[in-house]
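J.: Just data.cif, nothing more (mmCIF, C-alpha atoms):
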```
data_protein
loop_
_atom_site.group_PDB
_atom_site.id
_atom_site.type_symbol
_atom_site.label_atom_id
_atom_site.label_comp_id
_atom_site.auth_asym_id
_atom_site.auth_seq_id
_atom_site.Cartn_x
_atom_site.Cartn_y
_atom_site.Cartn_z
ATOM 1 C CA MET V 15 23.902 110.143 23.699
ATOM 2 C CA ARG V 16 24.237 111.544 27.171
ATOM 3 C CA ASP V 17 21.943 109.887 29.632
ATOM 4 C CA ALA V 18 23.528 110.475 33.055
ATOM 5 C CA ALA V 19 22.456 113.646 34.850
ATOM 6 C CA ILE V 20 24.827 115.740 36.951
ATOM 7 C CA ASN V 21 23.090 118.396 39.013
ATOM 8 C CA LEU V 22 24.647 121.230 40.974
ATOM 9 C CA ARG V 23 23.695 124.581 42.383
ATOM 10 C CA ALA V 24 25.656 127.769 41.795
ATOM 11 C CA LYS V 25 25.482 131.406 42.744
ATOM 12 C CA PRO V 26 24.071 133.650 40.018
ATOM 13 C CA GLU V 27 27.458 135.335 39.529
ATOM 14 C CA GLN V 28 29.138 131.937 39.086
ATOM 15 C CA ARG V 29 26.535 130.914 36.532
ATOM 16 C CA ASP V 30 26.973 134.215 34.688
ATOM 17 C CA LEU V 31 30.760 133.820 34.625
ATOM 18 C CA ILE V 32 30.455 130.297 33.241
ATOM 19 C CA ASP V 33 27.900 131.420 30.662
ATOM 20 C CA GLN V 34 30.162 134.267 29.529
ATOM 21 C CA ALA V 35 33.157 131.957 29.096
ATOM 22 C CA ALA V 36 31.074 129.289 27.356
ATOM 23 C CA SER V 37 29.666 131.875 24.979
ATOM 24 C CA MET V 38 33.161 133.083 24.079
ATOM 25 C CA LEU V 39 33.999 129.529 23.009
ATOM 26 C CA GLY V 40 30.714 129.040 21.174
ATOM 27 C CA LYS V 41 29.559 126.415 23.664
ATOM 28 C CA ASN V 42 26.526 126.054 25.834
ATOM 29 C CA ARG V 43 26.812 125.954 29.624
ATOM 30 C CA SER V 44 26.490 122.170 29.873
ATOM 31 C CA ASP V 45 29.138 121.453 27.254
ATOM 32 C CA PHE V 46 31.510 124.012 28.773
ATOM 33 C CA MET V 47 31.079 122.703 32.317
ATOM 34 C CA LEU V 48 31.375 119.068 31.299
ATOM 35 C CA GLU V 49 34.560 119.733 29.330
ATOM 36 C CA ALA V 50 36.087 121.773 32.179
ATOM 37 C CA ALA V 51 35.171 119.142 34.773
ATOM 38 C CA CYS V 52 36.564 116.308 32.650
ATOM 39 C CA ASP V 53 39.816 118.229 32.013
ATOM 40 C CA ARG V 54 40.257 118.746 35.756
ATOM 41 C CA ALA V 55 39.339 115.150 36.564
ATOM 42 C CA GLN V 56 41.923 113.836 34.098
ATOM 43 C CA SER V 57 44.544 116.134 35.581
ATOM 44 C CA VAL V 58 43.840 114.901 39.104
ATOM 45 C CA LEU V 59 43.935 111.268 38.016
ATOM 46 C CA LEU V 60 47.141 111.684 36.018
ATOM 47 C CA ASP V 61 48.808 113.164 39.096
ATOM 48 C CA GLN V 62 48.024 109.921 40.929
ATOM 49 C CA VAL V 63 49.413 107.437 38.417
ATOM 50 C CA TYR V 64 50.622 104.225 39.972
ATOM 51 C CA PHE V 65 53.014 101.915 38.226
ATOM 52 C CA ARG V 66 54.641 98.698 39.317
ATOM 53 C CA LEU V 67 58.139 97.454 38.525
ATOM 54 C CA ASP V 68 59.934 94.255 39.340
ATOM 55 C CA GLU V 69 62.997 94.575 41.587
ATOM 56 C CA ARG V 70 65.529 94.826 38.734
ATOM 57 C CA ARG V 71 63.581 97.474 36.848
ATOM 58 C CA PHE V 72 62.965 99.410 40.062
ATOM 59 C CA LYS V 73 66.708 99.476 40.787
ATOM 60 C CA ASP V 74 67.352 100.667 37.223
ATOM 61 C CA PHE V 75 64.695 103.342 37.651
ATOM 62 C CA VAL V 76 66.203 104.582 40.935
ATOM 63 C CA ARG V 77 69.691 104.560 39.397
ATOM 64 C CA LEU V 78 68.461 106.759 36.535
ATOM 65 C CA LEU V 79 66.751 109.149 38.943
ATOM 66 C CA ASP V 80 69.881 109.414 41.094
ATOM 67 C CA ALA V 81 72.293 109.848 38.177
ATOM 68 C CA PRO V 82 73.537 113.356 37.437
ATOM 69 C CA PRO V 83 71.786 114.963 34.498
ATOM 70 C CA SER V 84 73.437 114.630 31.125
ATOM 71 C CA ALA V 85 74.574 117.737 29.271
ATOM 72 C CA ASN V 86 71.684 119.620 27.700
ATOM 73 C CA ALA V 87 72.649 122.718 25.718
ATOM 74 C CA GLY V 88 69.056 123.891 25.370
ATOM 75 C CA LEU V 89 68.442 123.683 29.113
ATOM 76 C CA GLU V 90 71.723 125.481 29.819
ATOM 77 C CA ARG V 91 70.701 128.344 27.489
ATOM 78 C CA LEU V 92 67.283 128.526 29.135
ATOM 79 C CA MET V 93 68.753 128.629 32.639
ATOM 80 C CA ALA V 94 71.145 131.412 31.593
ATOM 81 C CA VAL V 95 68.241 133.717 30.656
ATOM 82 C CA LYS V 96 67.277 136.144 33.410
ATOM 83 C CA ALA V 97 63.619 136.092 34.383
ATOM 84 C CA PRO V 98 61.814 139.289 33.292
ATOM 85 C CA TRP V 99 60.713 140.003 36.856
ATOM 86 C CA ALA V 100 64.318 139.659 38.096
ATOM 87 C CA GLU V 101 65.505 142.214 35.533
ATOM 88 C CA ARG V 102 62.790 144.686 36.570
ATOM 89 C CA ALA V 103 63.671 144.224 40.231
ATOM 90 C CA ALA V 104 67.351 144.832 39.492
ATOM 91 C CA ARG V 105 66.525 148.065 37.621
ATOM 92 C CA LYS V 106 64.407 149.332 40.519
ATOM 93 C CA ALA V 107 67.150 148.665 43.083
#
```
Show me the file's structure as structure tokens.

T.:
Amino acid sequence: MRDAAINLRAKPEQRDLIDQAASMLGKNRSDFMLEAACDRAQSVLLDQVYFRLDERRFKDFVRLLDAPPSANAGLERLMAVKAPWAERAARKA
């Protein structure tokens, strides 16, 4: 059961936009806003993850970061594909 209130004020057009999106997902405004806020909060927190390593593990970690990448056929194929916007720009030139 939810028992903590979160109050905020919005412009009518913001409220209407949120209501429209919530309706498209079959949710009410509160559920939609709470889910969106929690998704964003998790994203922010995950971007700030802190981890601690002892000296040996830290050196191993740095060595792995500094090592050249190993061969990756899938990545090589992906990097060989021209971006759609680059192809359009080349045709226009």

J.: Have a look at V:Leu60, V:Met15, V:Leu79, V:Ile32 and name the one nearest to Met47 (chain V); count all atoms listed in the file.

T.: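 Result for the nearest residue to Met47 (chain V): V:Ile32.
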
J.: Could you tell me how far CA of Ser57 (chain V) lies from CA of Leu89 (chain V), in Å and to one decimal?

T.: 25.9 Å

J.: Suppose you want the space between CA of Gly40 (chain V) and CA of Arg16 (chain V); what is it in Å?

T.: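 Going from CA of Gly40 (chain V) over to CA of Arg16 (chain V), I get 19.6 Å.
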
J.: What's the separation between CA of Ala104 (chain V) and CA of Leu92 (chain V), in Å to one decimal place?

T.: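 These two atoms are separated by 19.3 Å.
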
J.: Would you mind telling me which residue in V:Gln62, V:Ser84, V:Ser44, V:Gln34 lies nearest to Leu22 (chain V) when using all atoms listed in the file?

T.: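 When distances to Leu22 (chain V) are compared using all atoms listed in the file, the smallest one comes from V:Ser44.
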
J.: Restricting the calculation to all atoms listed in the file, which member of V:Ala36, V:Pro82, V:Arg71, V:Asp30 is positioned closest to Ala50 (chain V)?

T.: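 Counting all atoms listed in the file, the residue closest to Ala50 (chain V) is V:Ala36.
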
J.: I'd like the box whose edges run along x, y and z of the file and which contains every listed atom of region 19-37 of chain V, padded by 4 Å per side; could you state its centre and edge lengths in Å, one decimal, as JSON?

T.:
```
{"center_x": 27.8, "center_y": 124.5, "center_z": 33.9, "size_x": 18.7, "size_y": 29.7, "size_z": 25.8}
```
